[in-house]
Amino acid sequence: MQLSIETQSKKLPQTAGVYFFRNARGEILYIGKAANLRARVQSYFRGTDSRGERIVRMVAQSAKVGTQKTASVLEAMVLEAALIKKYQPRYNIDLKDDKSFSYFIITKEKFSRVLIARATHLSTMAPHTAYGPYTSKKQMIIALDILRRIFPFHDRPGRTERGCLDAQLGLCPAPYEGAISQKEYGKNIRAIAMILEGRKSQLVKKMGKEMWHCAQKEEFEKAENLRRTIFALQHIRDVALLTGDQQPSIAGKGVRIEGYDISNISGQYAVGSMVVFENDRPQKAQYRKFKIKTVRAINDVAMMREVLRRRFVHVEWPLPDLILLDGGKGHLSMAQHLCGDLHIRINFVALAKGPTRKKSDLYWSKGTSLSVPQKTLIAVRDEAHRFAVTYHRKLRDHLL
């Protein structure tokens, strides 16, 4: 017996990706993208979708919903455009005929630029390669900003960067001022092209090989730059690409929180803990322990910094929506500076017991708009503390 669409939606993954509504004959009726596939598809049955009678008819005609997971919303956006162009679903806007859609453009110049252009302007532009079409120019602007922060490029019509604010901000590598070679600049452009072609995994693999070869040749600074770029690619924080009813609530299910604590006696046998909560539940298989290696004095902030830095080296671990630190303002300031150095965008909260020890003081990172119940934060803090103390005692008993 075929399960209803609403029942099927409850079993969908809570990751970024693309979803497909199909009719009883298997024809694709509609394709969309989401930061959280389960939450997005379920929104069609909660009266939170606001796209009118057309979508109501589409859902009524649907017999099956399928998904294709991606590592980020950015990749979901690229995949959605490619699939809509390929299948031309009847309930998506007809991309083939509508001239109001936009494309990503890579110009064919000595130092290529990456631009956004309407379909009606393509024929009048200089030689270029086009990627698209896309339905939302606003989302394209956000996506291009994300890509440019990882792979800077020149986008001005003039052949100079003198007085260019983008160059001062690190968004333009100033090729016309000789700050980057044509070969290295070309790598940035080719990387962007691979992402727009849906080949990010191949790009990461290619850069990983280049990083290894650089390390073998003792080109450690170049290897470290590649490592940071790979990390940025694998931890793109891009929920801003989806707005309104498409953006899942950060207070809802599926939020990943990592909690950290330090345990030691007068600086000795110092250890750090990392615990993971998803759906308000501990994910013990993802817990991690750290033996402090670089800090000998009594300095909890420095120890926490070592733990976080070592954690961020592991690009294979999913980046959380929120990191909770057992500590105060000093811990929060340290974490924010560390992430600035590593070019990582993430939300932090430091949770410290107040002066009376009867209540907890919360210190949120600047710009955070998360809504997480305090009881959840306290549960994460207490579990991180328990895990750290358990490891500390085990280590101390073993060494004594």
# chains A, B, ... in the order shown; residues from 1 in each chain; ligands from 1
$ residues_around --residues "region 128-145 of chain A" --least-positions-apart "6" --cutoff "7 Å" --atoms "only C-alpha atoms" --output "list in words"
Leu74, Ala81, Leu95, Phe101, Ser102, Tyr103, Phe104, Ile105, Ile106, Thr107, Lys108, Leu196 and Leu241 of chain A
$ residues_around --residues "Arg310 (chain A)" --least-positions-apart "2" --cutoff "12 Å" --atoms "only C-alpha atoms" --output "ChimeraX atom specification"
/A:272-274,288-294,303-308,312-315,317,338,342
$ residues_around --residues "region 385-395 of chain A" --least-positions-apart "2" --cutoff "10 Å" --atoms "only C-alpha atoms" --output "PyMOL selection string"
chain A and resi 259-265+268-275+287-291+326+379-383+397-400
$ residues_around --residues "Ile189 (chain A)" --least-positions-apart "3" --cutoff "9 Å" --atoms "only C-alpha atoms" --output "PyMOL selection string"
chain A and resi 106+111-114+151-153+185-186+192-194
$ residues_around --residues "region 75-77 of chain A" --least-positions-apart "4" --cutoff "7 Å" --atoms "only C-alpha atoms" --output "MDAnalysis selection string"
chainID A and resid 16:18 33 70:71 81 198
$ write_last_selection --atoms "C-alpha atoms" --output "PDB file, in the first residue's frame"
ATOM      1  CA  ALA A  16      20.261  20.160   2.738  1.00  0.00           C
ATOM      2  CA  GLY A  17      19.268  18.962  -0.692  1.00  0.00           C
ATOM      3  CA  VAL A  18      16.694  18.860  -3.469  1.00  0.00           C
ATOM      4  CA  LYS A  33      15.628  22.990  -2.678  1.00  0.00           C
ATOM      5  CA  THR A  70      23.736  17.779  -0.833  1.00  0.00           C
ATOM      6  CA  ALA A  71      26.479  19.010   1.492  1.00  0.00           C
ATOM      7  CA  ALA A  81      18.665  24.684 -11.413  1.00  0.00           C
ATOM      8  CA  GLY A 198      27.971  20.770  -9.494  1.00  0.00           C
TER       9      GLY A 198
END
$ decode --residues "region 115-136 of chain A" --atoms "N, CA and C atoms" --output "mmCIF file, in the first residue's frame"
data_model
loop_
_atom_site.group_PDB
_atom_site.id
_atom_site.type_symbol
_atom_site.label_atom_id
_atom_site.label_comp_id
_atom_site.auth_asym_id
_atom_site.auth_seq_id
_atom_site.Cartn_x
_atom_site.Cartn_y
_atom_site.Cartn_z
ATOM 1 N N LEU A 115 30.032 37.326 -12.913
ATOM 2 C CA LEU A 115 28.943 38.293 -12.849
ATOM 3 C C LEU A 115 27.589 37.582 -12.858
ATOM 4 N N ILE A 116 26.543 38.360 -12.632
ATOM 5 C CA ILE A 116 25.166 37.873 -12.743
ATOM 6 C C ILE A 116 24.485 38.691 -13.826
ATOM 7 N N ALA A 117 23.839 38.016 -14.765
ATOM 8 C CA ALA A 117 23.212 38.736 -15.883
ATOM 9 C C ALA A 117 21.849 38.126 -16.214
ATOM 10 N N ARG A 118 20.924 38.971 -16.640
ATOM 11 C CA ARG A 118 19.622 38.522 -17.099
ATOM 12 C C ARG A 118 19.758 37.795 -18.445
ATOM 13 N N ALA A 119 18.825 36.900 -18.697
ATOM 14 C CA ALA A 119 18.857 36.142 -19.951
ATOM 15 C C ALA A 119 18.812 37.069 -21.158
ATOM 16 N N THR A 120 18.070 38.172 -21.048
ATOM 17 C CA THR A 120 17.922 39.109 -22.167
ATOM 18 C C THR A 120 19.216 39.850 -22.494
ATOM 19 N N HIS A 121 20.194 39.826 -21.592
ATOM 20 C CA HIS A 121 21.438 40.563 -21.802
ATOM 21 C C HIS A 121 22.578 39.673 -22.312
ATOM 22 N N LEU A 122 22.366 38.377 -22.343
ATOM 23 C CA LEU A 122 23.465 37.469 -22.672
ATOM 24 C C LEU A 122 24.038 37.716 -24.067
ATOM 25 N N SER A 123 23.171 37.987 -25.019
ATOM 26 C CA SER A 123 23.627 38.141 -26.408
ATOM 27 C C SER A 123 24.448 39.403 -26.624
ATOM 28 N N THR A 124 24.314 40.363 -25.728
ATOM 29 C CA THR A 124 25.031 41.636 -25.900
ATOM 30 C C THR A 124 26.344 41.680 -25.117
ATOM 31 N N MET A 125 26.637 40.633 -24.366
ATOM 32 C CA MET A 125 27.822 40.641 -23.526
ATOM 33 C C MET A 125 29.038 40.137 -24.277
ATOM 34 N N ALA A 126 30.217 40.498 -23.761
ATOM 35 C CA ALA A 126 31.481 40.018 -24.307
ATOM 36 C C ALA A 126 31.552 38.505 -24.153
ATOM 37 N N PRO A 127 32.517 37.829 -24.809
ATOM 38 C CA PRO A 127 32.619 36.367 -24.700
ATOM 39 C C PRO A 127 32.588 35.901 -23.245
ATOM 40 N N HIS A 128 31.841 34.840 -23.011
ATOM 41 C CA HIS A 128 31.644 34.386 -21.639
ATOM 42 C C HIS A 128 31.147 32.941 -21.641
ATOM 43 N N THR A 129 31.120 32.346 -20.449
ATOM 44 C CA THR A 129 30.464 31.066 -20.218
ATOM 45 C C THR A 129 29.337 31.320 -19.232
ATOM 46 N N ALA A 130 28.147 30.796 -19.530
ATOM 47 C CA ALA A 130 26.966 31.043 -18.701
ATOM 48 C C ALA A 130 26.564 29.777 -17.939
ATOM 49 N N TYR A 131 26.108 29.972 -16.698
ATOM 50 C CA TYR A 131 25.630 28.868 -15.856
ATOM 51 C C TYR A 131 24.239 29.226 -15.344
ATOM 52 N N GLY A 132 23.285 28.370 -15.592
ATOM 53 C CA GLY A 132 21.924 28.636 -15.145
ATOM 54 C C GLY A 132 20.936 28.000 -16.090
ATOM 55 N N PRO A 133 19.690 28.506 -16.139
ATOM 56 C CA PRO A 133 19.205 29.726 -15.480
ATOM 57 C C PRO A 133 18.770 29.501 -14.040
ATOM 58 N N TYR A 134 18.675 30.601 -13.281
ATOM 59 C CA TYR A 134 18.228 30.600 -11.892
ATOM 60 C C TYR A 134 17.013 31.506 -11.756
ATOM 61 N N THR A 135 16.153 31.163 -10.807
ATOM 62 C CA THR A 135 14.897 31.909 -10.653
ATOM 63 C C THR A 135 14.991 33.087 -9.687
ATOM 64 N N SER A 136 15.987 33.093 -8.794
ATOM 65 C CA SER A 136 16.072 34.146 -7.788
ATOM 66 C C SER A 136 17.411 34.869 -7.865
#
